[in-house]
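Below you'll find the structure, written out as structure tokens, and then a few comments.
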Amino acid sequence: MAQRSRGSTKQAQLLPVSPSTETVNGLETARQLLKSFEKIARKGGTFTTDPDIKPYAFYGGKHLSLSQVVQDNLWKFGLSETSRNVLDHLSVHHDDQGLVEMTQRGLAAKFGCSQSKVSRAIGQLSKHNFTWKERRGLYRLHPLYAYRWGSRKQIRLLNELGEETLAEHEIVIPPARNEATR
């Protein structure tokens, strides 16, 4: 008859692990994300092994990909109603380069507000790096926040923009405001 080995009766203790310094609120830095893509590309990897892609069933027939981490923490940015309207407009109207042609006057007419209100909203979004101005009337939506043209085109755009541009326009989630600490 086989004998059972008698091990230690002590149970292992689980110790808390400090969060990685490479993420903030679960959000990788743009640099870390690009390094991950480069590592996969060097190995000849692909981002999907799925069979033929079938379209989603959404109103309008198209879908939009948003960063779940940023979207979940969007409330922490304290965006105004007009800023959210402009962000939504940018999210659904960008081209495959993440660019949106728009005028403040046109958006003011669309949202039924003043041009100065739209200007402040764009300023607020720019401050948090959701968008930046390429030239007069042309804005770029941050492709790590929202993109609607598929993963291959997004990866190509990220590589075209480069590490420096993405690091310069990194979206940093602000800490939650706690009324007790004010």
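Ordering of the structure tokens sets the chain letters (A, B, ...); residue numbers start at 1 within each chain; ligands are numbered from 1 in the order shown.
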Test item: residues at most 12 Å from A:Gly123, only C-alpha atoms, excluding those fewer than 4 positions along its chain, as a list in words: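 Once the adjacent positions are removed, what remains is Leu79, Ser80, Thr82, Ser83, Val86, Leu87, Gln104, Ser116, Lys117, Val118, Ser119, Lys127, His128, Asn129, Phe130, Thr131, Trp132, Lys133 and Tyr139 of chain A.
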Those residues with N, CA and C atoms, as a JSON list (two decimals), in the first residue's frame please?
[["chain", "number", "residue", "atom", "x", "y", "z"],
["A", 79, "LEU", "N", -15.75, 66.45, -18.21],
["A", 79, "LEU", "CA", -16.04, 67.12, -19.48],
["A", 79, "LEU", "C", -17.41, 67.79, -19.44],
["A", 80, "SER", "N", -17.48, 68.95, -20.06],
["A", 80, "SER", "CA", -18.77, 69.65, -20.16],
["A", 80, "SER", "C", -19.67, 68.91, -21.14],
["A", 82, "THR", "N", -21.03, 70.10, -23.79],
["A", 82, "THR", "CA", -20.60, 70.41, -25.15],
["A", 82, "THR", "C", -19.34, 69.63, -25.52],
["A", 83, "SER", "N", -18.43, 69.46, -24.57],
["A", 83, "SER", "CA", -17.22, 68.66, -24.83],
["A", 83, "SER", "C", -17.60, 67.23, -25.18],
["A", 86, "VAL", "N", -18.96, 67.19, -28.71],
["A", 86, "VAL", "CA", -17.89, 67.30, -29.70],
["A", 86, "VAL", "C", -17.11, 65.98, -29.77],
["A", 87, "LEU", "N", -16.82, 65.36, -28.63],
["A", 87, "LEU", "CA", -16.11, 64.08, -28.60],
["A", 87, "LEU", "C", -16.91, 63.01, -29.34],
["A", 104, "GLN", "N", -15.89, 75.30, -35.98],
["A", 104, "GLN", "CA", -16.58, 75.61, -34.72],
["A", 104, "GLN", "C", -17.97, 76.15, -35.02],
["A", 116, "SER", "N", -18.26, 80.16, -29.21],
["A", 116, "SER", "CA", -17.28, 80.21, -28.11],
["A", 116, "SER", "C", -17.41, 78.99, -27.20],
["A", 117, "LYS", "N", -18.61, 78.48, -27.04],
["A", 117, "LYS", "CA", -18.82, 77.27, -26.22],
["A", 117, "LYS", "C", -18.14, 76.06, -26.88],
["A", 118, "VAL", "N", -18.26, 75.98, -28.20],
["A", 118, "VAL", "CA", -17.60, 74.90, -28.95],
["A", 118, "VAL", "C", -16.08, 75.06, -28.85],
["A", 119, "SER", "N", -15.60, 76.29, -28.94],
["A", 119, "SER", "CA", -14.17, 76.55, -28.83],
["A", 119, "SER", "C", -13.63, 76.09, -27.46],
["A", 127, "LYS", "N", -6.80, 69.63, -24.16],
["A", 127, "LYS", "CA", -6.04, 69.60, -22.90],
["A", 127, "LYS", "C", -5.84, 68.16, -22.41],
["A", 128, "HIS", "N", -6.85, 67.33, -22.60],
["A", 128, "HIS", "CA", -6.77, 65.93, -22.16],
["A", 128, "HIS", "C", -6.29, 64.99, -23.27],
["A", 129, "ASN", "N", -5.93, 65.56, -24.42],
["A", 129, "ASN", "CA", -5.38, 64.82, -25.57],
["A", 129, "ASN", "C", -6.35, 63.88, -26.27],
["A", 130, "PHE", "N", -7.63, 64.11, -26.17],
["A", 130, "PHE", "CA", -8.59, 63.33, -26.95],
["A", 130, "PHE", "C", -8.49, 63.73, -28.42],
["A", 131, "THR", "N", -8.13, 64.97, -28.67],
["A", 131, "THR", "CA", -7.98, 65.48, -30.03],
["A", 131, "THR", "C", -6.87, 66.52, -30.05],
["A", 132, "TRP", "N", -6.35, 66.76, -31.23],
["A", 132, "TRP", "CA", -5.43, 67.87, -31.41],
["A", 132, "TRP", "C", -5.62, 68.43, -32.81],
["A", 133, "LYS", "N", -5.30, 69.71, -32.94],
["A", 133, "LYS", "CA", -5.51, 70.42, -34.19],
["A", 133, "LYS", "C", -4.34, 70.15, -35.13],
["A", 139, "TYR", "N", -9.03, 68.37, -37.35],
["A", 139, "TYR", "CA", -8.66, 67.86, -36.03],
["A", 139, "TYR", "C", -8.43, 66.36, -36.12]]
Using DSSP on the backbone coordinates, identify the residues of stretch 33-182 of chain A assigned to alpha helix (DSSP H); present them as a ChimeraX atom specification. /A:33-42,68-72,81-93,104-111,115-127,151-168
For A:Pro174, which residue among A:Val70, A:Met102, A:Leu33, A:Leu64 is the nearest when counting only C-alpha atoms? A:Val70
Length of the atom CA of A:Phe37 to atom CA of A:Tyr145 vector [Å]: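 Interatomic distance here is 16.5 Å.
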So, with only C-alpha atoms as the atoms that count, which of A:Arg135, A:Arg120, A:Arg156, A:Leu144 lies closest to A:Val69?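 Among A:Arg135, A:Arg120, A:Arg156, A:Leu144, it is A:Leu144 that comes nearest to A:Val69.
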Taking only C-alpha atoms into account, which of A:Arg105, A:Trp149, A:Gly112, A:Gly78 comes nearest A:Gln124? A:Gly78
As number ranges by chain, please: the residues near A:Glu38 (cut-off 12 Å, only C-alpha atoms, same-chain neighbours under 4 positions excluded). A: 31-34, 42-47, 155-156, 158-159, 162-163
N, CA and C atoms of the current selection, written as an mmCIF file, in the first residue's frame:
data_model
loop_
_atom_site.group_PDB
_atom_site.id
_atom_site.type_symbol
_atom_site.label_atom_id
_atom_site.label_comp_id
_atom_site.auth_asym_id
_atom_site.auth_seq_id
_atom_site.Cartn_x
_atom_site.Cartn_y
_atom_site.Cartn_z
ATOM 1 N N ARG A 31 3.465 54.129 -25.403
ATOM 2 C CA ARG A 31 4.749 53.504 -25.712
ATOM 3 C C ARG A 31 4.684 51.992 -25.463
ATOM 4 N N GLN A 32 4.110 51.564 -24.327
ATOM 5 C CA GLN A 32 3.996 50.139 -24.009
ATOM 6 C C GLN A 32 3.121 49.423 -25.037
ATOM 7 N N LEU A 33 2.031 50.071 -25.450
ATOM 8 C CA LEU A 33 1.140 49.480 -26.431
ATOM 9 C C LEU A 33 1.863 49.270 -27.761
ATOM 10 N N LEU A 34 2.611 50.277 -28.203
ATOM 11 C CA LEU A 34 3.359 50.147 -29.456
ATOM 12 C C LEU A 34 4.426 49.053 -29.366
ATOM 13 N N ARG A 42 7.313 41.250 -34.900
ATOM 14 C CA ARG A 42 8.621 40.593 -35.069
ATOM 15 C C ARG A 42 8.487 39.076 -35.105
ATOM 16 N N LYS A 43 7.538 38.572 -34.359
ATOM 17 C CA LYS A 43 7.349 37.123 -34.320
ATOM 18 C C LYS A 43 6.518 36.648 -35.502
ATOM 19 N N GLY A 44 6.091 37.578 -36.346
ATOM 20 C CA GLY A 44 5.273 37.200 -37.495
ATOM 21 C C GLY A 44 3.842 36.910 -37.089
ATOM 22 N N GLY A 45 3.454 37.379 -35.920
ATOM 23 C CA GLY A 45 2.120 37.107 -35.410
ATOM 24 C C GLY A 45 1.055 37.954 -36.063
ATOM 25 N N THR A 46 -0.146 37.544 -35.868
ATOM 26 C CA THR A 46 -1.290 38.309 -36.341
ATOM 27 C C THR A 46 -2.182 38.601 -35.152
ATOM 28 N N PHE A 47 -3.120 39.482 -35.343
ATOM 29 C CA PHE A 47 -3.986 39.881 -34.254
ATOM 30 C C PHE A 47 -5.267 39.058 -34.193
ATOM 31 N N ILE A 155 -3.636 49.895 -36.548
ATOM 32 C CA ILE A 155 -2.228 49.576 -36.289
ATOM 33 C C ILE A 155 -1.342 50.353 -37.263
ATOM 34 N N ARG A 156 -1.737 50.404 -38.525
ATOM 35 C CA ARG A 156 -0.967 51.149 -39.520
ATOM 36 C C ARG A 156 -0.907 52.629 -39.143
ATOM 37 N N LEU A 158 -1.258 53.972 -36.113
ATOM 38 C CA LEU A 158 -0.416 54.130 -34.921
ATOM 39 C C LEU A 158 1.056 54.137 -35.298
ATOM 40 N N ASN A 159 1.436 53.260 -36.201
ATOM 41 C CA ASN A 159 2.831 53.217 -36.645
ATOM 42 C C ASN A 159 3.197 54.477 -37.421
ATOM 43 N N GLY A 162 3.630 57.340 -34.967
ATOM 44 C CA GLY A 162 4.889 57.135 -34.269
ATOM 45 C C GLY A 162 4.792 57.299 -32.765
ATOM 46 N N GLU A 163 5.786 56.744 -32.134
ATOM 47 C CA GLU A 163 5.870 56.710 -30.679
ATOM 48 C C GLU A 163 5.904 58.115 -30.071
#
Between atom CA of A:Tyr59 and atom CA of A:Ser91, what is the distance in Å, rounded to a tenth?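 Here the two named atoms are 15.6 Å from each other.
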Which of stretch 26-173 of chain A counts as strand (DSSP E or B) under DSSP, as an mmCIF file with all heavy atoms, in the first residue's frame please?
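To be explicit, this is the file written out as part-v3.cif:
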data_model
loop_
_atom_site.group_PDB
_atom_site.id
_atom_site.type_symbol
_atom_site.label_atom_id
_atom_site.label_comp_id
_atom_site.auth_asym_id
_atom_site.auth_seq_id
_atom_site.Cartn_x
_atom_site.Cartn_y
_atom_site.Cartn_z
ATOM 1 N N LEU A 27 -4.655 51.331 -17.820
ATOM 2 C CA LEU A 27 -4.396 51.843 -19.159
ATOM 3 C C LEU A 27 -2.899 51.815 -19.435
ATOM 4 O O LEU A 27 -2.126 52.426 -18.711
ATOM 5 C CB LEU A 27 -4.920 53.281 -19.268
ATOM 6 C CG LEU A 27 -4.772 53.966 -20.617
ATOM 7 C CD1 LEU A 27 -5.669 53.272 -21.636
ATOM 8 C CD2 LEU A 27 -5.184 55.420 -20.501
ATOM 9 N N GLU A 28 -2.502 51.080 -20.463
ATOM 10 C CA GLU A 28 -1.101 51.033 -20.837
ATOM 11 C C GLU A 28 -0.684 52.376 -21.413
ATOM 12 O O GLU A 28 -1.487 53.088 -21.981
ATOM 13 C CB GLU A 28 -0.890 49.971 -21.914
ATOM 14 C CG GLU A 28 -1.253 48.582 -21.478
ATOM 15 C CD GLU A 28 -1.566 47.694 -22.664
ATOM 16 O OE1 GLU A 28 -2.380 48.094 -23.490
ATOM 17 O OE2 GLU A 28 -1.004 46.609 -22.712
ATOM 18 N N SER A 65 -15.069 51.299 -32.304
ATOM 19 C CA SER A 65 -14.311 50.713 -31.209
ATOM 20 C C SER A 65 -13.801 51.822 -30.300
ATOM 21 O O SER A 65 -13.180 52.771 -30.766
ATOM 22 C CB SER A 65 -13.126 49.906 -31.753
ATOM 23 O OG SER A 65 -13.588 48.842 -32.547
ATOM 24 N N LEU A 66 -14.083 51.683 -29.021
ATOM 25 C CA LEU A 66 -13.647 52.654 -28.017
ATOM 26 C C LEU A 66 -12.762 51.958 -27.003
ATOM 27 O O LEU A 66 -12.938 50.780 -26.729
ATOM 28 C CB LEU A 66 -14.846 53.246 -27.261
ATOM 29 C CG LEU A 66 -15.833 54.080 -28.035
ATOM 30 C CD1 LEU A 66 -17.058 54.383 -27.178
ATOM 31 C CD2 LEU A 66 -15.198 55.381 -28.473
ATOM 32 N N LEU A 99 -8.850 61.693 -38.774
ATOM 33 C CA LEU A 99 -9.037 63.122 -39.008
ATOM 34 C C LEU A 99 -10.510 63.463 -39.215
ATOM 35 O O LEU A 99 -11.266 62.676 -39.798
ATOM 36 C CB LEU A 99 -8.239 63.567 -40.237
ATOM 37 C CG LEU A 99 -6.726 63.411 -40.125
ATOM 38 C CD1 LEU A 99 -6.056 63.657 -41.472
ATOM 39 C CD2 LEU A 99 -6.158 64.339 -39.061
ATOM 40 N N VAL A 100 -10.875 64.652 -38.729
ATOM 41 C CA VAL A 100 -12.240 65.152 -38.898
ATOM 42 C C VAL A 100 -12.143 66.603 -39.355
ATOM 43 O O VAL A 100 -11.499 67.417 -38.702
ATOM 44 C CB VAL A 100 -13.046 65.104 -37.578
ATOM 45 C CG1 VAL A 100 -14.455 65.622 -37.783
ATOM 46 C CG2 VAL A 100 -13.068 63.694 -37.005
ATOM 47 N N GLU A 101 -12.773 66.874 -40.490
ATOM 48 C CA GLU A 101 -12.881 68.264 -40.936
ATOM 49 C C GLU A 101 -14.122 68.839 -40.282
ATOM 50 O O GLU A 101 -15.216 68.286 -40.436
ATOM 51 C CB GLU A 101 -12.994 68.344 -42.453
ATOM 52 C CG GLU A 101 -11.684 68.065 -43.159
ATOM 53 C CD GLU A 101 -11.762 68.344 -44.647
ATOM 54 O OE1 GLU A 101 -12.153 69.465 -45.028
ATOM 55 O OE2 GLU A 101 -11.440 67.417 -45.407
ATOM 56 N N THR A 131 -8.126 64.972 -28.668
ATOM 57 C CA THR A 131 -7.982 65.479 -30.027
ATOM 58 C C THR A 131 -6.875 66.515 -30.048
ATOM 59 O O THR A 131 -6.507 67.052 -29.006
ATOM 60 C CB THR A 131 -9.309 66.097 -30.540
ATOM 61 O OG1 THR A 131 -9.172 66.421 -31.921
ATOM 62 C CG2 THR A 131 -9.694 67.337 -29.766
ATOM 63 N N TRP A 132 -6.347 66.755 -31.232
ATOM 64 C CA TRP A 132 -5.427 67.867 -31.408
ATOM 65 C C TRP A 132 -5.623 68.430 -32.812
ATOM 66 O O TRP A 132 -6.075 67.751 -33.714
ATOM 67 C CB TRP A 132 -3.979 67.495 -31.132
ATOM 68 C CG TRP A 132 -3.387 66.377 -31.934
ATOM 69 C CD1 TRP A 132 -2.695 66.484 -33.113
ATOM 70 C CD2 TRP A 132 -3.403 64.976 -31.621
ATOM 71 N NE1 TRP A 132 -2.285 65.249 -33.540
ATOM 72 C CE2 TRP A 132 -2.702 64.313 -32.638
ATOM 73 C CE3 TRP A 132 -3.930 64.228 -30.559
ATOM 74 C CZ2 TRP A 132 -2.525 62.925 -32.648
ATOM 75 C CZ3 TRP A 132 -3.756 62.856 -30.574
ATOM 76 C CH2 TRP A 132 -3.060 62.217 -31.597
ATOM 77 N N LYS A 133 -5.297 69.706 -32.936
ATOM 78 C CA LYS A 133 -5.505 70.423 -34.185
ATOM 79 C C LYS A 133 -4.340 70.148 -35.131
ATOM 80 O O LYS A 133 -3.182 70.337 -34.772
ATOM 81 C CB LYS A 133 -5.621 71.922 -33.887
ATOM 82 C CG LYS A 133 -6.048 72.764 -35.048
ATOM 83 C CD LYS A 133 -6.232 74.196 -34.566
ATOM 84 C CE LYS A 133 -6.837 75.056 -35.635
ATOM 85 N NZ LYS A 133 -7.129 76.401 -35.113
ATOM 86 N N GLU A 134 -4.654 69.694 -36.331
ATOM 87 C CA GLU A 134 -3.636 69.477 -37.359
ATOM 88 C C GLU A 134 -3.424 70.769 -38.151
ATOM 89 O O GLU A 134 -2.311 71.122 -38.473
ATOM 90 C CB GLU A 134 -4.042 68.339 -38.294
ATOM 91 C CG GLU A 134 -4.047 66.976 -37.625
ATOM 92 C CD GLU A 134 -2.654 66.446 -37.329
ATOM 93 O OE1 GLU A 134 -1.678 66.885 -37.980
ATOM 94 O OE2 GLU A 134 -2.520 65.600 -36.442
ATOM 95 N N ARG A 135 -4.511 71.423 -38.472
ATOM 96 C CA ARG A 135 -4.501 72.735 -39.120
ATOM 97 C C ARG A 135 -5.907 73.305 -38.988
ATOM 98 O O ARG A 135 -6.800 72.627 -38.467
ATOM 99 C CB ARG A 135 -4.053 72.655 -40.578
ATOM 100 C CG ARG A 135 -4.955 71.818 -41.473
ATOM 101 C CD ARG A 135 -4.473 71.857 -42.926
ATOM 102 N NE ARG A 135 -5.020 70.801 -43.717
ATOM 103 C CZ ARG A 135 -6.274 70.752 -44.179
ATOM 104 N NH1 ARG A 135 -7.112 71.722 -43.921
ATOM 105 N NH2 ARG A 135 -6.677 69.733 -44.905
ATOM 106 N N LEU A 138 -9.210 71.200 -39.233
ATOM 107 C CA LEU A 138 -8.892 69.770 -39.308
ATOM 108 C C LEU A 138 -8.338 69.308 -37.964
ATOM 109 O O LEU A 138 -7.306 69.800 -37.501
ATOM 110 C CB LEU A 138 -7.867 69.503 -40.416
ATOM 111 C CG LEU A 138 -7.567 68.032 -40.696
ATOM 112 C CD1 LEU A 138 -8.798 67.328 -41.280
ATOM 113 C CD2 LEU A 138 -6.399 67.904 -41.662
ATOM 114 N N TYR A 139 -9.034 68.371 -37.350
ATOM 115 C CA TYR A 139 -8.659 67.858 -36.035
ATOM 116 C C TYR A 139 -8.431 66.357 -36.122
ATOM 117 O O TYR A 139 -9.070 65.661 -36.906
ATOM 118 C CB TYR A 139 -9.767 68.143 -35.013
ATOM 119 C CG TYR A 139 -9.964 69.622 -34.780
ATOM 120 C CD1 TYR A 139 -10.781 70.377 -35.611
ATOM 121 C CD2 TYR A 139 -9.307 70.269 -33.734
ATOM 122 C CE1 TYR A 139 -10.951 71.747 -35.407
ATOM 123 C CE2 TYR A 139 -9.463 71.626 -33.523
ATOM 124 C CZ TYR A 139 -10.285 72.352 -34.364
ATOM 125 O OH TYR A 139 -10.437 73.692 -34.167
ATOM 126 N N ARG A 140 -7.520 65.866 -35.285
ATOM 127 C CA ARG A 140 -7.265 64.422 -35.217
ATOM 128 C C ARG A 140 -7.813 63.885 -33.905
ATOM 129 O O ARG A 140 -7.512 64.396 -32.834
ATOM 130 C CB ARG A 140 -5.773 64.109 -35.294
ATOM 131 C CG ARG A 140 -5.518 62.590 -35.364
ATOM 132 C CD ARG A 140 -4.081 62.226 -35.527
ATOM 133 N NE ARG A 140 -3.407 62.836 -36.632
ATOM 134 C CZ ARG A 140 -3.383 62.354 -37.883
ATOM 135 N NH1 ARG A 140 -4.037 61.255 -38.183
ATOM 136 N NH2 ARG A 140 -2.700 62.978 -38.826
ATOM 137 N N LEU A 141 -8.614 62.842 -34.002
ATOM 138 C CA LEU A 141 -9.105 62.118 -32.827
ATOM 139 C C LEU A 141 -8.016 61.134 -32.424
ATOM 140 O O LEU A 141 -7.416 60.475 -33.274
ATOM 141 C CB LEU A 141 -10.389 61.366 -33.175
ATOM 142 C CG LEU A 141 -10.962 60.460 -32.090
ATOM 143 C CD1 LEU A 141 -11.462 61.291 -30.908
ATOM 144 C CD2 LEU A 141 -12.080 59.614 -32.645
ATOM 145 N N ALA A 146 -10.617 56.117 -29.737
ATOM 146 C CA ALA A 146 -11.704 55.621 -30.584
ATOM 147 C C ALA A 146 -11.197 55.446 -32.010
ATOM 148 O O ALA A 146 -10.394 56.234 -32.505
ATOM 149 C CB ALA A 146 -12.871 56.601 -30.569
ATOM 150 N N TYR A 147 -11.702 54.397 -32.675
ATOM 151 C CA TYR A 147 -11.361 54.154 -34.070
ATOM 152 C C TYR A 147 -12.466 53.312 -34.671
ATOM 153 O O TYR A 147 -12.991 52.412 -34.020
ATOM 154 C CB TYR A 147 -10.001 53.446 -34.177
ATOM 155 C CG TYR A 147 -9.421 53.515 -35.561
ATOM 156 C CD1 TYR A 147 -8.879 54.706 -36.046
ATOM 157 C CD2 TYR A 147 -9.430 52.416 -36.396
ATOM 158 C CE1 TYR A 147 -8.360 54.785 -37.324
ATOM 159 C CE2 TYR A 147 -8.905 52.479 -37.675
ATOM 160 C CZ TYR A 147 -8.375 53.665 -38.137
ATOM 161 O OH TYR A 147 -7.863 53.742 -39.402
#
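Closest approach to A:Leu157 among A:Gln115, A:Asn85, A:Gly137, A:Asp96 is made by A:Asp96 (distances from only C-alpha atoms).
Atom pair atom CA of A:Glu168 / atom CA of A:His63 has a distance of 27.9 Å (rounded to one decimal).
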